[in-house]
Amino acid sequence: MSERLEDIAAAMVADGKGLLAADESSGTIKKRFDVIGVESTADSRRDYREMMFRAREAMTRYISGVILYDETIRQKAADGTPLVDIIKATGAIPGIKVDAGAKPLAGYPGDTITEGLDGLRERLADYYKLGARFAKWRAVIDIDVARGVPSATSIGSNAHALARYAALCQEAGIVPIVEPEVLMDGAHDIGTCYEISKATLTKLYTELYAARVVLEGTILKPNMVLAGKKSGNTSSPEEVAEKTIKLFRETVPAAIGGIAFLSGGQSDEEATANLNAINAIGPHPWKLTFSYGRALQAAPQKAWGGKAANVAAAQAAFAHRARMNHLAALGKWQPELEQAA
Ligand code: 5MM
């Protein structure tokens, strides 16, 4: 495969393919395993992820790359094969989460700043040797209008950190996924999500330009424009699509390598229906696909339940969600396909 940043980015958003976000940190994967009654150990985490990476049809046909966590990129399958080699054998590209998580922003209660820049140059060189050709850094922007969250300081600091991270990635020959996630957890309406997302993306691209990041060699991992969960309103796919594309047309340069959405707590089907609606109103200046964690993994996690006997059923559940999102990335999904399955 070509090692040029723009070619790697293009492969990450190849027609009908998207990313599997399997980069849950130890605390997050434990929460997911608690739900299905599985103890989180190095072996159970390995068995679970190996199950997905060995779902050959899903991986070869629908998955362009996998975002890994530090533990996973170094881990070997039960038969001793490095997990990275299993991923590469399917044609998917291994990637790595390199941020150290969102921490409280001093002086700004309710805001966070994502850490992890110290020593990043050295860590990127190590991850490159381990096979990573793209990386991910997630900034977390919460919305709580009554408390003045997010502050301009939080948006600015996170955008600056994303830009410094992206420049270091490109220096190391690694495509940066820039993920400025405006959370959907609040009580805000869809218009507020749009405004905060606009402020965030505007600042992000100002910082990326200033840091001399080559936009063709980047992937944006954004939230969709949605009403907050606690608002009690569910936005229709048509409204989500219309507002999300309007936002991107106003803020996201056409030059970037592509867009791969996070699911952010939407249900599996909602995330698929919204992605489909977005692509159905194209053509757009960018490829728009998925980089889902929960919306790809909730079903296989439930089907697996930590039992080797359930591996085939879990792989089938994963393949189904991957195929539904593959169709949505092409604007060809229909709700009946869910019922048929
Ligand atoms: C898979 O979840 C990722 C890791 O989260 P933590 O660092 O909190 O453990 C997360 O960054 C993920 O890649 C994105 O947020 C997208 O995941 P969702 O579940 O929102 O699609």
# chains A, B, ... in the order shown; residues from 1 in each chain; ligands from 1
>>> residues_near_ligand(ligand="ligand 1", cutoff="6 Å", atoms="only C-alpha atoms and all ligand atoms", output="list of chain:residue names")
A:Ala21, A:Ala22, A:Asp23, A:Glu24, A:Ser25, A:Thr28, A:Gly101, A:Arg138, A:Leu262, A:Ser263, A:Gly264, A:Gly265, A:Tyr292, A:Gly293, A:Arg294, A:Ala295
>>> select_by_dssp(residues="range 196-234 of chain A", states="alpha helix (DSSP H)", output="PDB file with N, CA, C and O atoms, in the first residue's frame")
ATOM      1  N   ILE A 196     -22.583  25.341  18.465  1.00  0.00           N
ATOM      2  CA  ILE A 196     -21.348  24.952  19.171  1.00  0.00           C
ATOM      3  C   ILE A 196     -20.430  24.170  18.218  1.00  0.00           C
ATOM      4  O   ILE A 196     -19.204  24.362  18.218  1.00  0.00           O
ATOM      5  N   SER A 197     -21.023  23.316  17.404  1.00  0.00           N
ATOM      6  CA  SER A 197     -20.203  22.555  16.444  1.00  0.00           C
ATOM      7  C   SER A 197     -19.558  23.508  15.437  1.00  0.00           C
ATOM      8  O   SER A 197     -18.406  23.318  15.029  1.00  0.00           O
ATOM      9  N   LYS A 198     -20.283  24.550  15.059  1.00  0.00           N
ATOM     10  CA  LYS A 198     -19.738  25.523  14.098  1.00  0.00           C
ATOM     11  C   LYS A 198     -18.551  26.272  14.709  1.00  0.00           C
ATOM     12  O   LYS A 198     -17.502  26.430  14.068  1.00  0.00           O
ATOM     13  N   ALA A 199     -18.718  26.709  15.949  1.00  0.00           N
ATOM     14  CA  ALA A 199     -17.606  27.411  16.618  1.00  0.00           C
ATOM     15  C   ALA A 199     -16.391  26.487  16.740  1.00  0.00           C
ATOM     16  O   ALA A 199     -15.232  26.905  16.552  1.00  0.00           O
ATOM     17  N   THR A 200     -16.656  25.221  17.028  1.00  0.00           N
ATOM     18  CA  THR A 200     -15.569  24.250  17.229  1.00  0.00           C
ATOM     19  C   THR A 200     -14.827  23.979  15.917  1.00  0.00           C
ATOM     20  O   THR A 200     -13.585  24.011  15.861  1.00  0.00           O
ATOM     21  N   LEU A 201     -15.565  23.720  14.850  1.00  0.00           N
ATOM     22  CA  LEU A 201     -14.919  23.395  13.568  1.00  0.00           C
ATOM     23  C   LEU A 201     -14.212  24.607  12.978  1.00  0.00           C
ATOM     24  O   LEU A 201     -13.141  24.483  12.382  1.00  0.00           O
ATOM     25  N   THR A 202     -14.789  25.791  13.165  1.00  0.00           N
ATOM     26  CA  THR A 202     -14.142  27.009  12.664  1.00  0.00           C
ATOM     27  C   THR A 202     -12.779  27.175  13.324  1.00  0.00           C
ATOM     28  O   THR A 202     -11.751  27.427  12.675  1.00  0.00           O
ATOM     29  N   LYS A 203     -12.752  27.008  14.642  1.00  0.00           N
ATOM     30  CA  LYS A 203     -11.488  27.153  15.389  1.00  0.00           C
ATOM     31  C   LYS A 203     -10.517  26.038  15.014  1.00  0.00           C
ATOM     32  O   LYS A 203      -9.307  26.271  14.856  1.00  0.00           O
ATOM     33  N   LEU A 204     -11.051  24.839  14.862  1.00  0.00           N
ATOM     34  CA  LEU A 204     -10.188  23.702  14.526  1.00  0.00           C
ATOM     35  C   LEU A 204      -9.439  23.952  13.220  1.00  0.00           C
ATOM     36  O   LEU A 204      -8.212  23.790  13.150  1.00  0.00           O
ATOM     37  N   TYR A 205     -10.154  24.366  12.168  1.00  0.00           N
ATOM     38  CA  TYR A 205      -9.462  24.543  10.887  1.00  0.00           C
ATOM     39  C   TYR A 205      -8.543  25.760  10.891  1.00  0.00           C
ATOM     40  O   TYR A 205      -7.497  25.748  10.226  1.00  0.00           O
ATOM     41  N   THR A 206      -8.846  26.782  11.681  1.00  0.00           N
ATOM     42  CA  THR A 206      -7.906  27.902  11.845  1.00  0.00           C
ATOM     43  C   THR A 206      -6.594  27.383  12.435  1.00  0.00           C
ATOM     44  O   THR A 206      -5.493  27.713  11.974  1.00  0.00           O
ATOM     45  N   GLU A 207      -6.692  26.535  13.440  1.00  0.00           N
ATOM     46  CA  GLU A 207      -5.492  26.003  14.110  1.00  0.00           C
ATOM     47  C   GLU A 207      -4.740  25.028  13.201  1.00  0.00           C
ATOM     48  O   GLU A 207      -3.512  24.988  13.198  1.00  0.00           O
ATOM     49  N   LEU A 208      -5.475  24.212  12.446  1.00  0.00           N
ATOM     50  CA  LEU A 208      -4.799  23.258  11.546  1.00  0.00           C
ATOM     51  C   LEU A 208      -4.004  23.997  10.474  1.00  0.00           C
ATOM     52  O   LEU A 208      -2.870  23.618  10.154  1.00  0.00           O
ATOM     53  N   TYR A 209      -4.582  25.068   9.926  1.00  0.00           N
ATOM     54  CA  TYR A 209      -3.836  25.892   8.955  1.00  0.00           C
ATOM     55  C   TYR A 209      -2.591  26.474   9.607  1.00  0.00           C
ATOM     56  O   TYR A 209      -1.491  26.436   9.043  1.00  0.00           O
ATOM     57  N   ALA A 210      -2.772  27.048  10.806  1.00  0.00           N
ATOM     58  CA  ALA A 210      -1.644  27.703  11.484  1.00  0.00           C
ATOM     59  C   ALA A 210      -0.522  26.709  11.784  1.00  0.00           C
ATOM     60  O   ALA A 210       0.648  27.068  11.782  1.00  0.00           O
TER      61      ALA A 210
END
>>> closest_residue(among="A:Val84, A:Leu183, A:Val225, A:Ala273", to="Glu336 in chain A", atoms="only C-alpha atoms")
A:Ala273
>>> closest_atom_pairs(of="range 196-302 of chain A", to="range 117-136 of chain A", cutoff="10 Å", atoms="only C-alpha atoms", output="JSON lines")
{"residue": "A:Gly217", "atom": "CA", "partner": "A:Phe134", "partner_atom": "CA", "distance": 9.8}
{"residue": "A:Thr218", "atom": "CA", "partner": "A:Phe134", "partner_atom": "CA", "distance": 9.1}
{"residue": "A:Ile219", "atom": "CA", "partner": "A:Lys136", "partner_atom": "CA", "distance": 9.3}
{"residue": "A:Leu220", "atom": "CA", "partner": "A:Lys136", "partner_atom": "CA", "distance": 9.8}
{"residue": "A:Lys221", "atom": "CA", "partner": "A:Lys136", "partner_atom": "CA", "distance": 8.8}
>>> residues_around(residues="Ala166 in chain A", least_positions_apart="5", cutoff="8 Å", atoms="only C-alpha atoms", output="PyMOL selection string")
chain A and resi 175-178+208+213+218
>>> atom_distance(atom1="CA of Asp47 in chain A", atom2="CA of Gly116 in chain A")
28.0 Å
>>> select_by_dssp(residues="range 42-248 of chain A", states="strand (DSSP E)", output="PyMOL selection string")
chain A and resi 63-68+93-97+102-104+112-114+134-141+175-182+219-220
>>> closest_residue(among="A:Ile174, A:Leu337, A:Phe33, A:Ile143", to="Ile96 in chain A", atoms="only C-alpha atoms")
A:Ile174
>>> decode(residues="range 120-211 of chain A", atoms="C-alpha atoms", output="short mmCIF file (atom, residue, chain, number, x, y, z; two decimals), in the first residue's frame")
data_model
loop_
_atom_site.label_atom_id
_atom_site.label_comp_id
_atom_site.auth_asym_id
_atom_site.auth_seq_id
_atom_site.Cartn_x
_atom_site.Cartn_y
_atom_site.Cartn_z
CA LEU A 120 4.00 12.12 21.45
CA ARG A 121 6.75 12.33 18.81
CA GLU A 122 8.50 9.30 20.34
CA ARG A 123 5.26 7.35 20.81
CA LEU A 124 4.27 7.97 17.18
CA ALA A 125 7.62 6.60 15.98
CA ASP A 126 7.00 3.48 18.08
CA TYR A 127 3.43 3.05 16.79
CA TYR A 128 4.64 3.45 13.20
CA LYS A 129 7.05 0.54 13.77
CA LEU A 130 4.17 -1.49 15.20
CA GLY A 131 2.22 -0.95 11.96
CA ALA A 132 -0.04 2.05 12.64
CA ARG A 133 -0.60 4.25 9.59
CA PHE A 134 -3.21 6.52 11.13
CA ALA A 135 -3.89 7.86 14.60
CA LYS A 136 -6.78 9.36 16.52
CA TRP A 137 -7.10 12.15 19.09
CA ARG A 138 -10.47 12.98 20.60
CA ALA A 139 -11.35 16.37 22.06
CA VAL A 140 -14.53 16.40 24.16
CA ILE A 141 -16.78 19.45 24.04
CA ASP A 142 -19.74 19.18 26.40
CA ILE A 143 -22.75 21.51 26.17
CA ASP A 144 -24.34 22.99 29.30
CA VAL A 145 -25.63 26.40 28.28
CA ALA A 146 -26.68 27.44 31.80
CA ARG A 147 -23.10 26.96 33.05
CA GLY A 148 -21.46 28.66 30.06
CA VAL A 149 -20.06 25.32 28.86
CA PRO A 150 -18.23 25.08 26.53
CA SER A 151 -16.10 28.18 27.06
CA ALA A 152 -14.18 29.77 24.18
CA THR A 153 -11.02 28.82 26.11
CA SER A 154 -11.96 25.15 26.02
CA ILE A 155 -12.75 25.20 22.29
CA GLY A 156 -9.53 27.10 21.57
CA SER A 157 -7.27 24.93 23.76
CA ASN A 158 -8.67 21.70 22.34
CA ALA A 159 -8.36 22.93 18.75
CA HIS A 160 -4.76 23.95 19.40
CA ALA A 161 -3.93 20.56 20.89
CA LEU A 162 -5.58 18.77 17.95
CA ALA A 163 -3.46 20.81 15.54
CA ARG A 164 -0.20 20.10 17.38
CA TYR A 165 -1.10 16.40 17.45
CA ALA A 166 -1.96 16.41 13.72
CA ALA A 167 1.33 18.07 12.76
CA LEU A 168 3.32 15.52 14.78
CA CYS A 169 1.41 12.64 13.15
CA GLN A 170 2.18 13.88 9.64
CA GLU A 171 5.85 14.33 10.53
CA ALA A 172 5.83 10.62 11.51
CA GLY A 173 4.13 9.48 8.27
CA ILE A 174 0.84 8.84 10.09
CA VAL A 175 -2.58 10.21 9.04
CA PRO A 176 -4.23 12.09 11.90
CA ILE A 177 -7.93 11.59 12.57
CA VAL A 178 -9.00 14.83 14.22
CA GLU A 179 -12.00 14.21 16.45
CA PRO A 180 -13.61 17.27 18.02
CA GLU A 181 -16.63 15.56 19.61
CA VAL A 182 -19.46 17.86 20.62
CA LEU A 183 -21.32 15.58 23.02
CA MET A 184 -24.99 14.73 22.55
CA ASP A 185 -25.48 14.06 26.28
CA GLY A 186 -26.93 17.47 27.22
CA ALA A 187 -30.45 18.96 27.27
CA HIS A 188 -29.74 21.35 24.37
CA ASP A 189 -31.74 21.63 21.17
CA ILE A 190 -30.43 20.85 17.70
CA GLY A 191 -29.78 24.54 16.95
CA THR A 192 -27.43 24.80 19.92
CA CYS A 193 -25.55 21.69 18.76
CA TYR A 194 -25.19 23.33 15.35
CA GLU A 195 -23.85 26.62 16.83
CA ILE A 196 -21.35 24.95 19.17
CA SER A 197 -20.20 22.56 16.44
CA LYS A 198 -19.74 25.52 14.10
CA ALA A 199 -17.61 27.41 16.62
CA THR A 200 -15.57 24.25 17.23
CA LEU A 201 -14.92 23.40 13.57
CA THR A 202 -14.14 27.01 12.66
CA LYS A 203 -11.49 27.15 15.39
CA LEU A 204 -10.19 23.70 14.53
CA TYR A 205 -9.46 24.54 10.89
CA THR A 206 -7.91 27.90 11.84
CA GLU A 207 -5.49 26.00 14.11
CA LEU A 208 -4.80 23.26 11.55
CA TYR A 209 -3.84 25.89 8.96
CA ALA A 210 -1.64 27.70 11.48
CA ALA A 211 0.12 24.44 12.35
#
